[in-house]
Amino acid sequence: MKVGILGGGQLGRMLLQASANYIVETYVLENDKDCPAAHLCHHFVKGDINNFDAVYNFGKNLDALTIEIESVNVDALEKLESEGVKIYPTPNAIRTIKNKIKQKEFYHHNEIPTAHFVITQNLSELNNHLHLIPAVHKIGEGGYDGKGVQVIKEESHISKGFDAPAVLERMVNIKKEIAIIIAMNDKSESAIYPASEMIFDSVLNLLDYQLSPAILPEKILWKAEAIAMKVVKQLKSAGLFAIELFVTDTDEVLVNETAPRVHNSGHHTIEANYCSQYDMLWRIILQYPLGNTKAILPSAIVNILGADGFNGIAKYDGLDETLKMENVFVHLYGKQKTKPGRKMGHVTIISKDYQDLTHKANKIKHTLKVVS
Ligand SMILES: Nc1ncnc2c1ncn2[C@@H]1O[C@H](COP(=O)(O)OP(=O)(O)O)[C@@H](O)[C@H]1O
Ligand SMILES: [Mg+2]
């Protein structure tokens, strides 16, 4: 089979690493010829994933396509789908998700619990919804890595909002942020990964890390799993999906957002679960049986971000020390240049002991630094 990936970032890179176990010819479409995925595929095609002709010409001779980012040209994918190319997830599911307004309307329409919201077309419309404040303003399209989200704590902060179509969402009192990854194949068989939780260490003012499986009462987990499964069923698409949810201070479970692709909350599945999210997506695309989602051991993910004050060719301080640690797995994404906050890699830690995970996560945060 000839399979193409739209986007060449780290998610594409890890997807390609998993593809090496199967008989598949891989293609990547991406503008940057030095992107993390460029050197791991059989065929790299330089082009804009948001351009109709680039996506259509890339896909027309392939058997199947998938994405590693949802900002892609959906019209081209629809045309390819109508001509018989299999797309994971469907163009329709991508269209629903890539716009936060459409995504929230989808939850509302399908009675999927989500934070109360209104839609605003421009900044001045925020004044019609003062009763919703404190709120979070989310741009409809074009936001990524927190850049399309603004917290509006009080009326005087309204000017921080977006002067473009957006969602204004009530601020939720979050007890835990969790994520659940679900696989769905063409026969509508599904497999669900254990939930992961984000840990924010506000006391030590460290950056966050992720723990899996999440530590939550069974009843809340069941609720979260049922809600996540409903999201995927209603999207009516095969593929791999990551559902981000909030557990509120009153133990309500709300969907925050969905990604219709492999997701950063699933990096740990490479070492910590029998079947990784990347392997799972290949099983779906290549029409093989779904894999085992169970955790082999609990795990933590520490993201390796470019350190403040460093711009330029990346160097990794503390790499030897990190690699010496037991049951610690380093993934560098192969990005030549670092800048503050840029995602340069991640480290997965596995251990049967949650305290050991936390201890090592904190140690790695202090040890491994991306400088220039
Ligand atoms: N309604 C909300 N109430 C409180 N915090 C929120 C709300 N919506 C988002 N956030 C916070 O902002 C973060 C980013 O929002 P999200 O919609 O996930 O955007 P992104 O696309 O940048 O991931 C969330 O992970 C959460 O911490
Ligand atoms: Mg998010």
# chains A, B, ... in the order shown; residues from 1 in each chain; ligands from 1
call {"tool": "residues_around", "arguments": {"residues": "segment 342-356 of chain A", "least_positions_apart": "3", "cutoff": "7 Å", "atoms": "only C-alpha atoms", "output": "ChimeraX atom specification"}}
result
/A:268,272,297-306,327-333,335,338-339,359-360
call {"tool": "select_by_dssp", "arguments": {"residues": "segment 212-367 of chain A", "states": "alpha helix (DSSP H)", "output": "ChimeraX atom specification"}}
result
/A:218-235,269-272,277-285,319-324,354-367
call {"tool": "write_last_selection", "arguments": {"atoms": "N, CA and C atoms", "output": "compact mmCIF listing (two decimals), in the first residue's frame"}}
result
# COMPACT_ATOMS: atom_id res chain seq x y z
N GLU A 218 -12.99 5.24 39.92
CA GLU A 218 -13.50 4.45 38.81
C GLU A 218 -14.73 5.07 38.14
N LYS A 219 -15.62 5.62 38.98
CA LYS A 219 -16.87 6.16 38.45
C LYS A 219 -16.61 7.31 37.48
N ILE A 220 -15.64 8.13 37.82
CA ILE A 220 -15.31 9.27 36.95
C ILE A 220 -14.65 8.77 35.67
N LEU A 221 -13.79 7.78 35.82
CA LEU A 221 -13.14 7.21 34.62
C LEU A 221 -14.17 6.62 33.67
N TRP A 222 -15.12 5.91 34.22
CA TRP A 222 -16.16 5.31 33.37
C TRP A 222 -16.93 6.39 32.63
N LYS A 223 -17.26 7.45 33.38
CA LYS A 223 -18.00 8.56 32.76
C LYS A 223 -17.16 9.16 31.62
N ALA A 224 -15.88 9.40 31.90
CA ALA A 224 -15.00 10.01 30.90
C ALA A 224 -14.88 9.10 29.67
N GLU A 225 -14.74 7.81 29.90
CA GLU A 225 -14.60 6.88 28.78
C GLU A 225 -15.88 6.84 27.94
N ALA A 226 -17.01 6.87 28.61
CA ALA A 226 -18.29 6.82 27.88
C ALA A 226 -18.46 8.08 27.04
N ILE A 227 -18.08 9.22 27.60
CA ILE A 227 -18.21 10.48 26.86
C ILE A 227 -17.25 10.50 25.67
N ALA A 228 -16.00 10.07 25.91
CA ALA A 228 -15.00 10.06 24.83
C ALA A 228 -15.46 9.13 23.70
N MET A 229 -16.02 7.99 24.07
CA MET A 229 -16.48 7.03 23.07
C MET A 229 -17.65 7.63 22.27
N LYS A 230 -18.51 8.38 22.95
CA LYS A 230 -19.63 9.00 22.24
C LYS A 230 -19.12 10.00 21.20
N VAL A 231 -18.10 10.76 21.56
CA VAL A 231 -17.51 11.73 20.61
C VAL A 231 -17.08 10.99 19.34
N VAL A 232 -16.34 9.91 19.53
CA VAL A 232 -15.79 9.18 18.37
C VAL A 232 -16.91 8.53 17.55
N LYS A 233 -17.88 7.94 18.24
CA LYS A 233 -18.99 7.31 17.50
C LYS A 233 -19.73 8.33 16.65
N GLN A 234 -19.96 9.53 17.23
CA GLN A 234 -20.74 10.55 16.51
C GLN A 234 -19.93 11.17 15.37
N LEU A 235 -18.62 11.10 15.45
CA LEU A 235 -17.81 11.63 14.34
C LEU A 235 -17.92 10.70 13.12
N THR A 269 2.77 5.77 24.89
CA THR A 269 2.29 4.44 24.47
C THR A 269 3.37 3.67 23.70
N ILE A 270 4.41 4.39 23.23
CA ILE A 270 5.50 3.70 22.52
C ILE A 270 6.17 2.67 23.45
N GLU A 271 6.49 3.10 24.67
CA GLU A 271 7.15 2.17 25.60
C GLU A 271 6.21 1.59 26.64
N ALA A 272 5.14 2.31 26.98
CA ALA A 272 4.36 1.95 28.18
C ALA A 272 3.13 1.11 27.89
N GLN A 277 0.09 4.16 20.06
CA GLN A 277 -0.91 4.85 19.23
C GLN A 277 -0.47 4.88 17.77
N TYR A 278 0.85 4.92 17.54
CA TYR A 278 1.36 4.99 16.17
C TYR A 278 1.16 3.65 15.47
N ASP A 279 1.52 2.58 16.15
CA ASP A 279 1.30 1.23 15.61
C ASP A 279 -0.20 1.03 15.35
N MET A 280 -1.02 1.52 16.27
CA MET A 280 -2.46 1.34 16.16
C MET A 280 -3.01 1.99 14.88
N LEU A 281 -2.54 3.20 14.58
CA LEU A 281 -3.05 3.88 13.38
C LEU A 281 -2.66 3.09 12.12
N TRP A 282 -1.46 2.50 12.11
CA TRP A 282 -1.09 1.67 10.94
C TRP A 282 -1.99 0.45 10.84
N ARG A 283 -2.33 -0.15 11.97
CA ARG A 283 -3.24 -1.30 11.94
C ARG A 283 -4.59 -0.89 11.31
N ILE A 284 -5.04 0.32 11.65
CA ILE A 284 -6.32 0.80 11.10
C ILE A 284 -6.18 1.02 9.59
N ILE A 285 -5.13 1.73 9.19
CA ILE A 285 -4.97 2.08 7.77
C ILE A 285 -4.73 0.83 6.92
N LEU A 319 22.21 15.33 28.45
CA LEU A 319 21.67 14.18 27.73
C LEU A 319 22.26 12.87 28.25
N ASP A 320 23.58 12.83 28.47
CA ASP A 320 24.21 11.60 28.99
C ASP A 320 23.61 11.21 30.33
N GLU A 321 23.47 12.22 31.19
CA GLU A 321 22.95 11.96 32.53
C GLU A 321 21.53 11.40 32.47
N THR A 322 20.74 11.94 31.55
CA THR A 322 19.36 11.47 31.40
C THR A 322 19.35 10.03 30.85
N LEU A 323 20.20 9.78 29.87
CA LEU A 323 20.23 8.45 29.25
C LEU A 323 20.72 7.37 30.23
N LYS A 324 21.44 7.79 31.27
CA LYS A 324 21.92 6.83 32.28
C LYS A 324 20.80 6.39 33.22
N TYR A 354 4.39 5.20 41.18
CA TYR A 354 4.08 6.57 40.77
C TYR A 354 5.05 7.59 41.37
N GLN A 355 5.53 7.31 42.59
CA GLN A 355 6.48 8.24 43.22
C GLN A 355 7.80 8.29 42.45
N ASP A 356 8.20 7.13 41.96
CA ASP A 356 9.42 7.04 41.16
C ASP A 356 9.24 7.85 39.87
N LEU A 357 8.05 7.78 39.27
CA LEU A 357 7.78 8.54 38.04
C LEU A 357 7.91 10.03 38.29
N THR A 358 7.28 10.49 39.39
CA THR A 358 7.29 11.92 39.71
C THR A 358 8.71 12.39 40.01
N HIS A 359 9.42 11.59 40.78
CA HIS A 359 10.79 11.93 41.14
C HIS A 359 11.66 12.07 39.88
N LYS A 360 11.57 11.08 38.99
CA LYS A 360 12.39 11.11 37.79
C LYS A 360 11.96 12.23 36.84
N ALA A 361 10.66 12.48 36.76
CA ALA A 361 10.17 13.57 35.89
C ALA A 361 10.78 14.90 36.34
N ASN A 362 10.75 15.15 37.64
CA ASN A 362 11.33 16.40 38.15
C ASN A 362 12.84 16.45 37.92
N LYS A 363 13.49 15.32 38.11
CA LYS A 363 14.94 15.28 37.91
C LYS A 363 15.29 15.60 36.44
N ILE A 364 14.53 15.01 35.53
CA ILE A 364 14.80 15.23 34.10
C ILE A 364 14.59 16.70 33.74
N LYS A 365 13.55 17.30 34.33
CA LYS A 365 13.29 18.72 34.06
C LYS A 365 14.46 19.60 34.45
N HIS A 366 15.14 19.21 35.52
CA HIS A 366 16.29 20.00 35.97
C HIS A 366 17.58 19.62 35.26
N THR A 367 17.61 18.46 34.61
CA THR A 367 18.85 17.94 34.04
C THR A 367 18.99 18.22 32.56
call {"tool": "residues_near_ligand", "arguments": {"ligand": "ligand 2", "cutoff": "12 Å", "atoms": "only C-alpha atoms and all ligand atoms", "output": "list in words"}}
result
Lys100, Lys138, Gly143, Tyr144, Asp145, Gly146, Lys147, Gly148, Val149, Glu177, Ile178, Ala179, Met198, Ala242, Ile243, Glu244, Leu245, Phe246, Val255, Asn256, Glu257, Thr258, Ala259, His263, Asn264 and Ser265 of chain A
call {"tool": "closest_residue", "arguments": {"among": "A:Lys160, A:His131, A:Lys175, A:Lys86", "to": "Phe200 of chain A", "atoms": "only C-alpha atoms"}}
result
A:Lys175
call {"tool": "closest_residue", "arguments": {"among": "A:Leu130, A:Ile67, A:Ala166, A:Val55", "to": "Asn99 of chain A", "atoms": "only C-alpha atoms"}}
result
A:Ala166
call {"tool": "residues_around", "arguments": {"residues": "Ala76 of chain A", "least_positions_apart": "2", "cutoff": "12 Å", "atoms": "only C-alpha atoms", "output": "VMD selection string"}}
result
chain A and resid 6 49 to 60 65 72 to 74 78 to 83 85 87 90 to 92 95
call {"tool": "write_last_selection", "arguments": {"atoms": "C-alpha atoms", "output": "CSV table (one decimal), in the first residue's frame"}}
result
chain,number,residue,atom,x,y,z
A,6,LEU,CA,-0.1,15.4,5.6
A,49,ILE,CA,-0.8,21.1,3.2
A,50,ASN,CA,-3.3,23.9,3.1
A,51,ASN,CA,-3.1,24.3,-0.7
A,52,PHE,CA,-5.8,22.4,-2.8
A,53,ASP,CA,-3.5,21.5,-5.7
A,54,ALA,CA,-0.6,20.5,-3.5
A,55,VAL,CA,-2.8,18.1,-1.4
A,56,TYR,CA,-4.8,16.8,-4.4
A,57,ASN,CA,-1.7,16.1,-6.5
A,58,PHE,CA,0.0,14.5,-3.5
A,59,GLY,CA,-2.9,12.2,-2.8
A,60,LYS,CA,-4.3,11.2,-6.2
A,65,LEU,CA,-3.9,9.3,3.5
A,72,VAL,CA,-5.0,20.9,6.0
A,73,ASN,CA,-7.0,21.5,2.8
A,74,VAL,CA,-10.2,19.6,3.4
A,78,GLU,CA,-13.1,15.4,-0.1
A,79,LYS,CA,-12.3,15.2,-3.8
A,80,LEU,CA,-9.7,12.5,-3.2
A,81,GLU,CA,-12.2,10.6,-1.0
A,82,SER,CA,-14.8,10.8,-3.8
A,83,GLU,CA,-12.2,9.3,-6.2
A,85,VAL,CA,-8.6,7.3,-1.8
A,87,ILE,CA,-8.7,9.1,4.3
A,90,THR,CA,-12.7,11.3,7.1
A,91,PRO,CA,-12.6,14.8,5.6
A,92,ASN,CA,-16.0,15.4,7.2
A,95,ARG,CA,-13.9,19.7,8.9
call {"tool": "residues_around", "arguments": {"residues": "His42 of chain A", "least_positions_apart": "3", "cutoff": "8 Å", "atoms": "only C-alpha atoms", "output": "list in words"}}
result
Glu25, Thr26 and Tyr27 of chain A
call {"tool": "residues_around", "arguments": {"residues": "Glu105 of chain A", "least_positions_apart": "3", "cutoff": "12 Å", "atoms": "only C-alpha atoms", "output": "list of chain:residue names"}}
result
A:Thr96, A:Ile97, A:Asn99, A:Lys100, A:Ile101, A:Lys102, A:His108, A:His109, A:Asn110, A:Glu111, A:Ile112, A:Pro113, A:Thr114, A:Ala115, A:His116, A:Phe117, A:Val118, A:Ile119, A:Gly140, A:Ala166, A:Val167, A:Glu257
call {"tool": "residues_around", "arguments": {"residues": "Asp186 of chain A", "least_positions_apart": "6", "cutoff": "8 Å", "atoms": "only C-alpha atoms", "output": "list of chain:residue names"}}
result
A:Ser237, A:Ala238, A:Ile284, A:Gln287
call {"tool": "closest_residue", "arguments": {"among": "A:Asn173, A:Leu29, A:Gly142, A:Thr66", "to": "Thr248 of chain A", "atoms": "only C-alpha atoms"}}
result
A:Asn173
call {"tool": "closest_residue", "arguments": {"among": "A:Gln17, A:Asn273, A:Gln10, A:Gln150", "to": "ligand 1", "atoms": "only C-alpha atoms and all ligand atoms"}}
result
A:Gln150
call {"tool": "closest_residue", "arguments": {"among": "A:Leu168, A:Val28, A:Leu126, A:Leu240", "to": "ligand 1", "atoms": "only C-alpha atoms and all ligand atoms"}}
result
A:Leu168
call {"tool": "closest_residue", "arguments": {"among": "A:Val172, A:Leu211, A:Leu11, A:Val24", "to": "ligand 1", "atoms": "only C-alpha atoms and all ligand atoms"}}
result
A:Val172
call {"tool": "residues_around", "arguments": {"residues": "Asn122 of chain A", "least_positions_apart": "5", "cutoff": "10 Å", "atoms": "only C-alpha atoms", "output": "ChimeraX atom specification"}}
result
/A:161-166
call {"tool": "write_last_selection", "arguments": {"atoms": "C-alpha atoms", "output": "PDB file, in the first residue's frame"}}
result
ATOM      1  CA  GLY A 161      -9.866  38.536  22.827  1.00  0.00           C
ATOM      2  CA  PHE A 162      -9.897  37.724  19.108  1.00  0.00           C
ATOM      3  CA  ASP A 163     -11.362  40.083  16.524  1.00  0.00           C
ATOM      4  CA  ALA A 164     -12.369  37.104  14.382  1.00  0.00           C
ATOM      5  CA  PRO A 165     -14.976  34.308  14.576  1.00  0.00           C
ATOM      6  CA  ALA A 166     -14.384  32.567  17.905  1.00  0.00           C
TER       7      ALA A 166
END
call {"tool": "select_by_dssp", "arguments": {"residues": "segment 118-310 of chain A", "states": "strand (DSSP E or B)", "output": "PyMOL selection string"}}
result
chain A and resi 118-120+135-139+149-152+166-170+174-184+190-192+196-199+209-212+239-248+253-259+273+295+299-306
call {"tool": "decode", "arguments": {"residues": "segment 206-280 of chain A", "atoms": "C-alpha atoms", "output": "PDB file, in the first residue's frame"}}
result
ATOM      1  CA  LEU A 206       7.897  23.585  37.232  1.00  0.00           C
ATOM      2  CA  LEU A 207       6.437  22.959  33.846  1.00  0.00           C
ATOM      3  CA  ASP A 208       3.807  20.305  33.562  1.00  0.00           C
ATOM      4  CA  TYR A 209       4.246  16.630  32.802  1.00  0.00           C
ATOM      5  CA  GLN A 210       1.850  13.803  32.124  1.00  0.00           C
ATOM      6  CA  LEU A 211       1.030  10.643  34.095  1.00  0.00           C
ATOM      7  CA  SER A 212      -0.654   7.505  32.754  1.00  0.00           C
ATOM      8  CA  PRO A 213      -2.904   5.790  33.645  1.00  0.00           C
ATOM      9  CA  ALA A 214      -4.643   8.748  35.298  1.00  0.00           C
ATOM     10  CA  ILE A 215      -5.417   8.354  39.001  1.00  0.00           C
ATOM     11  CA  LEU A 216      -9.150   8.924  39.278  1.00  0.00           C
ATOM     12  CA  PRO A 217     -12.116   7.237  40.986  1.00  0.00           C
ATOM     13  CA  GLU A 218     -13.498   4.454  38.806  1.00  0.00           C
ATOM     14  CA  LYS A 219     -16.874   6.159  38.447  1.00  0.00           C
ATOM     15  CA  ILE A 220     -15.309   9.273  36.950  1.00  0.00           C
ATOM     16  CA  LEU A 221     -13.144   7.206  34.623  1.00  0.00           C
ATOM     17  CA  TRP A 222     -16.158   5.307  33.369  1.00  0.00           C
ATOM     18  CA  LYS A 223     -17.998   8.560  32.758  1.00  0.00           C
ATOM     19  CA  ALA A 224     -15.001  10.008  30.897  1.00  0.00           C
ATOM     20  CA  GLU A 225     -14.604   6.879  28.778  1.00  0.00           C
ATOM     21  CA  ALA A 226     -18.294   6.821  27.884  1.00  0.00           C
ATOM     22  CA  ILE A 227     -18.208  10.484  26.857  1.00  0.00           C
ATOM     23  CA  ALA A 228     -15.001  10.060  24.827  1.00  0.00           C
ATOM     24  CA  MET A 229     -16.484   7.033  23.068  1.00  0.00           C
ATOM     25  CA  LYS A 230     -19.633   8.999  22.236  1.00  0.00           C
ATOM     26  CA  VAL A 231     -17.515  11.725  20.611  1.00  0.00           C
ATOM     27  CA  VAL A 232     -15.785   9.182  18.366  1.00  0.00           C
ATOM     28  CA  LYS A 233     -18.990   7.308  17.505  1.00  0.00           C
ATOM     29  CA  GLN A 234     -20.736  10.551  16.511  1.00  0.00           C
ATOM     30  CA  LEU A 235     -17.809  11.628  14.336  1.00  0.00           C
ATOM     31  CA  LYS A 236     -18.611   8.494  12.291  1.00  0.00           C
ATOM     32  CA  SER A 237     -15.073   8.031  11.070  1.00  0.00           C
ATOM     33  CA  ALA A 238     -12.366   5.441  11.312  1.00  0.00           C
ATOM     34  CA  GLY A 239      -9.028   6.681  12.616  1.00  0.00           C
ATOM     35  CA  LEU A 240      -7.269   7.488  15.855  1.00  0.00           C
ATOM     36  CA  PHE A 241      -8.734  10.168  18.112  1.00  0.00           C
ATOM     37  CA  ALA A 242      -7.543  11.945  21.268  1.00  0.00           C
ATOM     38  CA  ILE A 243     -10.249  13.470  23.446  1.00  0.00           C
ATOM     39  CA  GLU A 244      -9.157  16.095  25.997  1.00  0.00           C
ATOM     40  CA  LEU A 245     -11.513  16.333  28.971  1.00  0.00           C
ATOM     41  CA  PHE A 246     -11.873  18.373  32.146  1.00  0.00           C
ATOM     42  CA  VAL A 247     -12.863  16.834  35.465  1.00  0.00           C
ATOM     43  CA  THR A 248     -14.380  19.773  37.354  1.00  0.00           C
ATOM     44  CA  ASP A 249     -14.220  20.516  41.069  1.00  0.00           C
ATOM     45  CA  THR A 250     -17.762  19.083  41.324  1.00  0.00           C
ATOM     46  CA  ASP A 251     -16.716  15.894  39.460  1.00  0.00           C
ATOM     47  CA  GLU A 252     -18.482  16.783  36.258  1.00  0.00           C
ATOM     48  CA  VAL A 253     -16.751  15.531  33.114  1.00  0.00           C
ATOM     49  CA  LEU A 254     -16.650  17.944  30.146  1.00  0.00           C
ATOM     50  CA  VAL A 255     -15.072  17.555  26.728  1.00  0.00           C
ATOM     51  CA  ASN A 256     -12.502  20.283  26.077  1.00  0.00           C
ATOM     52  CA  GLU A 257     -11.417  19.389  22.555  1.00  0.00           C
ATOM     53  CA  THR A 258     -10.735  16.490  20.213  1.00  0.00           C
ATOM     54  CA  ALA A 259      -7.787  15.792  17.913  1.00  0.00           C
ATOM     55  CA  PRO A 260      -8.551  13.392  15.019  1.00  0.00           C
ATOM     56  CA  ARG A 261      -5.010  12.031  14.839  1.00  0.00           C
ATOM     57  CA  VAL A 262      -2.092  10.734  16.855  1.00  0.00           C
ATOM     58  CA  HIS A 263      -1.576  13.092  19.779  1.00  0.00           C
ATOM     59  CA  ASN A 264       1.104  14.383  22.128  1.00  0.00           C
ATOM     60  CA  SER A 265      -0.834  12.889  25.067  1.00  0.00           C
ATOM     61  CA  GLY A 266      -0.046   9.439  23.627  1.00  0.00           C
ATOM     62  CA  HIS A 267       3.741   9.576  23.246  1.00  0.00           C
ATOM     63  CA  HIS A 268       4.181   7.254  26.243  1.00  0.00           C
ATOM     64  CA  THR A 269       2.293   4.441  24.473  1.00  0.00           C
ATOM     65  CA  ILE A 270       5.502   3.696  22.521  1.00  0.00           C
ATOM     66  CA  GLU A 271       7.149   2.170  25.602  1.00  0.00           C
ATOM     67  CA  ALA A 272       4.363   1.955  28.177  1.00  0.00           C
ATOM     68  CA  ASN A 273       1.549   0.178  26.292  1.00  0.00           C
ATOM     69  CA  TYR A 274       1.503  -3.096  24.363  1.00  0.00           C
ATOM     70  CA  CYS A 275       0.398  -1.356  21.176  1.00  0.00           C
ATOM     71  CA  SER A 276       1.480   2.256  20.671  1.00  0.00           C
ATOM     72  CA  GLN A 277      -0.913   4.848  19.234  1.00  0.00           C
ATOM     73  CA  TYR A 278       1.357   4.994  16.168  1.00  0.00           C
ATOM     74  CA  ASP A 279       1.297   1.232  15.609  1.00  0.00           C
ATOM     75  CA  MET A 280      -2.464   1.337  16.161  1.00  0.00           C
TER      76      MET A 280
END
